[in-house]
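Inspection log for the structure reproduced underneath, given as structure tokens.
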Number of protein chains: 2
Amino acid sequence: MADKPSHVTGSLITIGDEILLGDIINGNARHIAAELRGCGFLLDRIITVGDIEDDIVEYLGKCLEGSNFVIVTGGLGPTDDDRTCAAVSKAMQRPLICNRDYAQWLREHLGQAGLGWTKEVERMAELPEGAVKLGMDSAGFSLIHKDIPCYFLPGVPEEVKLLLGKMVIPDLEARFPNRCAYLKHIIRIQGMPEAQINQKLRSLEPDQDVEIGYYPQQGENWVSIFATGKDGQECRDIMMRAKDKVVALIGERHISGHNDDCLEKVIGRLLRERCWRLVLAESCTGGLLSRKITAVSGASDYLDRGFVTYSNRAKQELLGVPEKLLSGCGAVSSEVARAMAQGAARNAGAEVAIAITGVAGPTGGSKEKPVGTVFIACVTPEGQRVKKYSFGAQPREQIQESSAQAALAMLWELLAGGKKPPVCDRL
Amino acid sequence: MADKPSHVTGSLITIGDEILLGDIINGNARHIAAELRGCGFLLDRIITVGDIEDDIVEYLGKCLEGSNFVIVTGGLGPTDDDRTCAAVSKAMQRPLICNRDYAQWLREHLGQAGLGWTKEVERMAELPEGAVKLGMDSAGFSLIHKDIPCYFLPGVPEEVKLLLGKMVIPDLEARFPNRCAYLKHIIRIQGMPEAQINQKLRSLEPDQDVEIGYYPQQGENWVSIFATGKDGQECRDIMMRAKDKVVALIGERHISGHNDDCLEKVIGRLLRERCWRLVLAESCTGGLLSRKITAVSGASDYLDRGFVTYSNRAKQELLGVPEKLLSGCGAVSSEVARAMAQGAARNAGAEVAIAITGVAGPTGGSKEKPVGTVFIACVTPEGQRVKKYSFGAQPREQIQESSAQAALAMLWELLAGGKKPPVCDRL
């Protein structure tokens, strides 16, 4: 009989002063963690240290104690700041030895780039004893130390992605065939505060194979379900049961999508089903809503144009908003939002239109319409809606983001809550 | 005589399974690192562990060994997963004691929210002996352990930002008055590959107070200068000297801006100086360029409209692109890009126009025009330019991002390389 599958957990060490100084965000760590998890490997710690040999030696030693595997990124370049190889040599007591094939490759590569062979480059080819290159055209290598597979990758995100997917994960999969499987599922909830979600899910019985989490996420609330099983099939069964329970407790009508199904994608499907075309008229969001809609591949099926009407003149000329309305109610008003949506629909011959007008700040606010005041209008063949939002004195980009997200949520509610569409055969 | 200022370095422990599972990026770490650095404090390690008591105890103990201060985020909530207080109690051998004021506050707060007093909430009010609350309306607290100030913050980013700025940094500043000052400066370089920048800067003499770094950043190359001084004035002097040397070696004409001066901002200033208006015509970027331009406060001074002309019909109707051109050369062509820019300028009565048309993929590519083929056209009163780019078979969003960035770089080159403008008094 096969052994019971076990959790395979490893350590990640990311080396780089840029992270410690707050210059860059640790995107490598997130990518590595997510990719590993998808393939049945977990991280139990992520450690960031600078390019300081003693620190790397210390934490490498620590990670070798309690991990099934170790991944290290960064510090493999040619400069004096790059201390990873020296630290590995010290931590594992493996002398540095010139890797002839790699030296040869470096020499040719440098020649092509018109650069010379320097002491620094020579140093790049010196790897700890036992090291095996991870492909020739990168600085990465692996070695097995006291039965623990260790992978050393460069810090450049593109190289991390490539080597992780092509070399590290396949190697880990071969070394740990008998491991637990994991599945994660996100349920995206609209228009229900977190406290209410919590209350609704309180009746879920505890299950040691299932973990439930909550994240507020740009105006949406996400419930995440994490399932652990002895294999993929068991995992899927556990997930199915947990998901059905959560969906029943929350109620279908509050759920806009699952996993990667962001509002932009769901709205695209709803429009496609109805054979409806969408047009956008943006003022304070300046193209952000359009950018979100067109980030979805195939958006040209339902979007043929968008307007960024930043000035009053543009609102008049392109959307036919009456001058009277602009001077009487002001550009930031429910009347102008509605006129923008109607004008855009007319101009494009589209069934559905969204318009956004507001004060994104930091200047332009008034007592009646402070920074963060935004009007959003939606027009569909089944009705229209205009709503005022007060996003408060947040940074400009945050107000723009919240506005675009609120517009998507409004359109989703109108579309999802509307009549079931007849079959559309235009596309 | 005052002691020589010294580096004050600390450790950051971020607790949370979401980071280890790759669900979220460690934005708190980046924010904390950057804020601390700006105030003269450095981090020498960032450690992420899950909500596991033993792990927290272990790394807290380690961090207490070599740090001037310790900051911990996460694990302070009411659920069983929140293990920070128990771990602190164990690591520092300080019993958990009910904080009466906090318990009282929690009770009132829960009452207002219509929630009850539960065992879990009671547990929230139990803090390690010696703990001092960081404000009453958050779960954060601080304590001094063996002369090392330790700060425990909740994991919610908004609360981290608030408590760090209002409580943690002022407290650190009071405790470490005699510390080094740091300054960082970013020089943004256009149109020069990293290898060439490296070569140009090779003649810089080493200076122990100055660190130079390189980052490729969305089509730009950044050179960062990090200066350390005994106080702010010395630091500024060191920076000034280093900056002047770097600028002289790179050459002014390759430098588009410094620090936060992204291309969008610089372009805005150049347009404002010239009294020129800008209009945008986007196809494959679907509003992204417009979004970038309008993310800058005051963009309405020079942008009054933008067009997202996704369909051929929209290109004809809104920009007057001749049908003949669209059917003859294809929507993705230098001819159509130029016609889009000219049409947009005409429609808006603007002096300057940018147009982008391309194949963002993943579908829509052909042998002649594979995914990643993009044409960008720029029109100014001083000339026009059309250029073909091949961004390769990257993900859709990356091609869109590269296209928008290339368009900004093209416009910057045209504006910055043009005639010195007369004084503009329109604004």
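Just remember, in the structure tokens the first chain shown is A, the second B, etc., residues are 1-based per chain, and ligands are 1-based in the order shown.
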
**Message:** Which residues are close to range 342-359 of chain A, i.e. within 8 Å by only C-alpha atoms, leaving aside same-chain residues fewer than 6 positions away? Reply as JSON, numbers by chain.
**Reply:** {"A": [276, 277, 278, 279, 280, 281, 282, 283, 284, 285, 304, 305, 307, 318, 319, 320, 321, 331, 332, 333, 336, 365, 369, 370, 371, 372, 373, 374, 375, 376, 377, 378, 379, 380, 381, 403, 404, 407, 411], "B": [314]}

Excluding range 139-149 of chain B and any residue of its chain fewer than 6 positions from it, enumerate the residues within 8 Å of it, using only C-alpha atoms, and give them as a CSV table (one decimal) with C-alpha atoms, in the first residue's frame.
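around_15.csv, written as the output of this step:
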chain,number,residue,atom,x,y,z
B,64,LEU,CA,15.3,40.2,19.2
B,67,SER,CA,17.9,44.4,15.9
B,68,ASN,CA,17.5,47.9,17.3
B,69,PHE,CA,13.7,47.5,16.9
B,70,VAL,CA,11.2,44.9,15.8
B,76,LEU,CA,-4.0,40.2,16.3
B,77,GLY,CA,-7.6,39.5,15.4
B,92,MET,CA,9.3,37.0,25.9
B,124,MET,CA,-8.4,40.1,22.0
B,130,GLY,CA,4.0,45.4,29.8
B,131,ALA,CA,2.1,46.0,26.6
B,132,VAL,CA,1.0,49.5,25.8
B,133,LYS,CA,-1.9,50.0,23.4
B,163,LEU,CA,-0.3,53.3,13.2

**Message:** Using DSSP secondary structure from the backbone, list all strand (DSSP E or B) positions within range 75-292 of chain B, as a PyMOL selection string.
**Reply:** chain B and resi 96-98+126-128+132-133+141-145+148-153+179+181-189+210-217+220-229+255-258+278-282

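Residue nearest chain B, chosen from A:Glu317, A:Glu273, A:Glu382, A:Glu126 and counting only C-alpha atoms: A:Glu317.
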
**Surrounding residues of Ala34 in chain A excluding itself and chain neighbours under 2 positions, 6 Å, only C-alpha atoms, as a PyMOL selection string** = (chain A and resi 31-32+36-37) or (chain B and resi 21-22)

For those residues, write N, CA and C atoms to a file as a compact mmCIF listing (two decimals), in the first residue's frame.
# COMPACT_ATOMS: atom_id res chain seq x y z
N HIS A 31 4.63 35.31 -6.73
CA HIS A 31 4.54 34.41 -7.88
C HIS A 31 4.97 32.99 -7.51
N ILE A 32 6.10 32.90 -6.83
CA ILE A 32 6.62 31.58 -6.47
C ILE A 32 5.64 30.85 -5.55
N LEU A 36 3.80 27.37 -6.70
CA LEU A 36 4.09 26.17 -5.93
C LEU A 36 2.80 25.57 -5.39
N ARG A 37 1.99 26.42 -4.82
CA ARG A 37 0.74 25.94 -4.20
C ARG A 37 -0.13 25.23 -5.22
N LEU B 21 0.72 31.63 0.80
CA LEU B 21 -0.03 30.90 -0.21
C LEU B 21 -0.03 31.64 -1.55
N GLY B 22 0.55 32.83 -1.57
CA GLY B 22 0.60 33.58 -2.82
C GLY B 22 -0.71 34.27 -3.15

**Request:** Pick out the residues sitting within 9 Å of range 254-262 of chain A, and hand them over as a PyMOL selection string; count only C-alpha atoms, and ignore anything fewer than 3 positions along from it in its own chain.
**Result:** chain A and resi 184-192+224+247+250-251+265-267+409+412-413+416

Take the residues just selected and output them with C-alpha atoms as a PDB file, in the first residue's frame.
ATOM      1  CA  LYS A 184      -8.349  27.124  -3.824  1.00  0.00           C
ATOM      2  CA  HIS A 185     -11.586  28.734  -4.833  1.00  0.00           C
ATOM      3  CA  ILE A 186     -12.593  32.393  -4.656  1.00  0.00           C
ATOM      4  CA  ILE A 187     -16.231  33.477  -4.480  1.00  0.00           C
ATOM      5  CA  ARG A 188     -16.757  37.120  -5.445  1.00  0.00           C
ATOM      6  CA  ILE A 189     -19.578  38.815  -3.590  1.00  0.00           C
ATOM      7  CA  GLN A 190     -21.204  42.144  -4.464  1.00  0.00           C
ATOM      8  CA  GLY A 191     -23.161  44.467  -2.231  1.00  0.00           C
ATOM      9  CA  MET A 192     -22.827  42.581   1.044  1.00  0.00           C
ATOM     10  CA  SER A 224     -11.752  32.022  -0.286  1.00  0.00           C
ATOM     11  CA  VAL A 247     -22.989  29.599  -2.165  1.00  0.00           C
ATOM     12  CA  ILE A 250     -24.581  33.686   0.707  1.00  0.00           C
ATOM     13  CA  GLY A 251     -27.258  33.424  -1.980  1.00  0.00           C
ATOM     14  CA  LYS A 265     -15.376  39.349 -17.741  1.00  0.00           C
ATOM     15  CA  VAL A 266     -18.816  38.538 -16.369  1.00  0.00           C
ATOM     16  CA  ILE A 267     -20.268  41.707 -17.870  1.00  0.00           C
ATOM     17  CA  ALA A 409     -20.891  46.760 -10.119  1.00  0.00           C
ATOM     18  CA  TRP A 412     -23.536  43.986 -13.404  1.00  0.00           C
ATOM     19  CA  GLU A 413     -26.536  44.426 -11.122  1.00  0.00           C
ATOM     20  CA  ALA A 416     -27.702  40.118 -13.937  1.00  0.00           C
TER      21      ALA A 416
END

**Request:** May I ask you to extract the residues of chain B within 8 Å of chain A, using only C-alpha atoms, and to give them as a ChimeraX atom specification?
**Result:** /B:19-27,29-35,37,42-50,285-291,294-295,297,300,303-311,313-314,348,361-363,396-397

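Here CA of Lys230 in chain A and CA of Cys180 in chain A stand 4.8 Å from one another.
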
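Going from CA of Arg338 in chain B over to CA of Val386 in chain B, you cover 6.7 Å.
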
**Request:** Could you pull out the residues in range 169-273 of chain B that DSSP calls helix (DSSP H, G or I) from the backbone, as JSON, numbers by chain?
**Result:** {"B": [169, 170, 171, 172, 173, 174, 175, 194, 195, 196, 197, 198, 199, 200, 201, 232, 233, 234, 235, 236, 237, 238, 239, 240, 241, 242, 243, 244, 245, 246, 247, 248, 249, 250, 252, 253, 254, 263, 264, 265, 266, 267, 268, 269, 270, 271, 272, 273]}

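Among the candidates A:Asp237, A:Asp207, A:Glu252, A:Glu158, the one nearest to Ala181 in chain A when counting only C-alpha atoms is A:Asp237.
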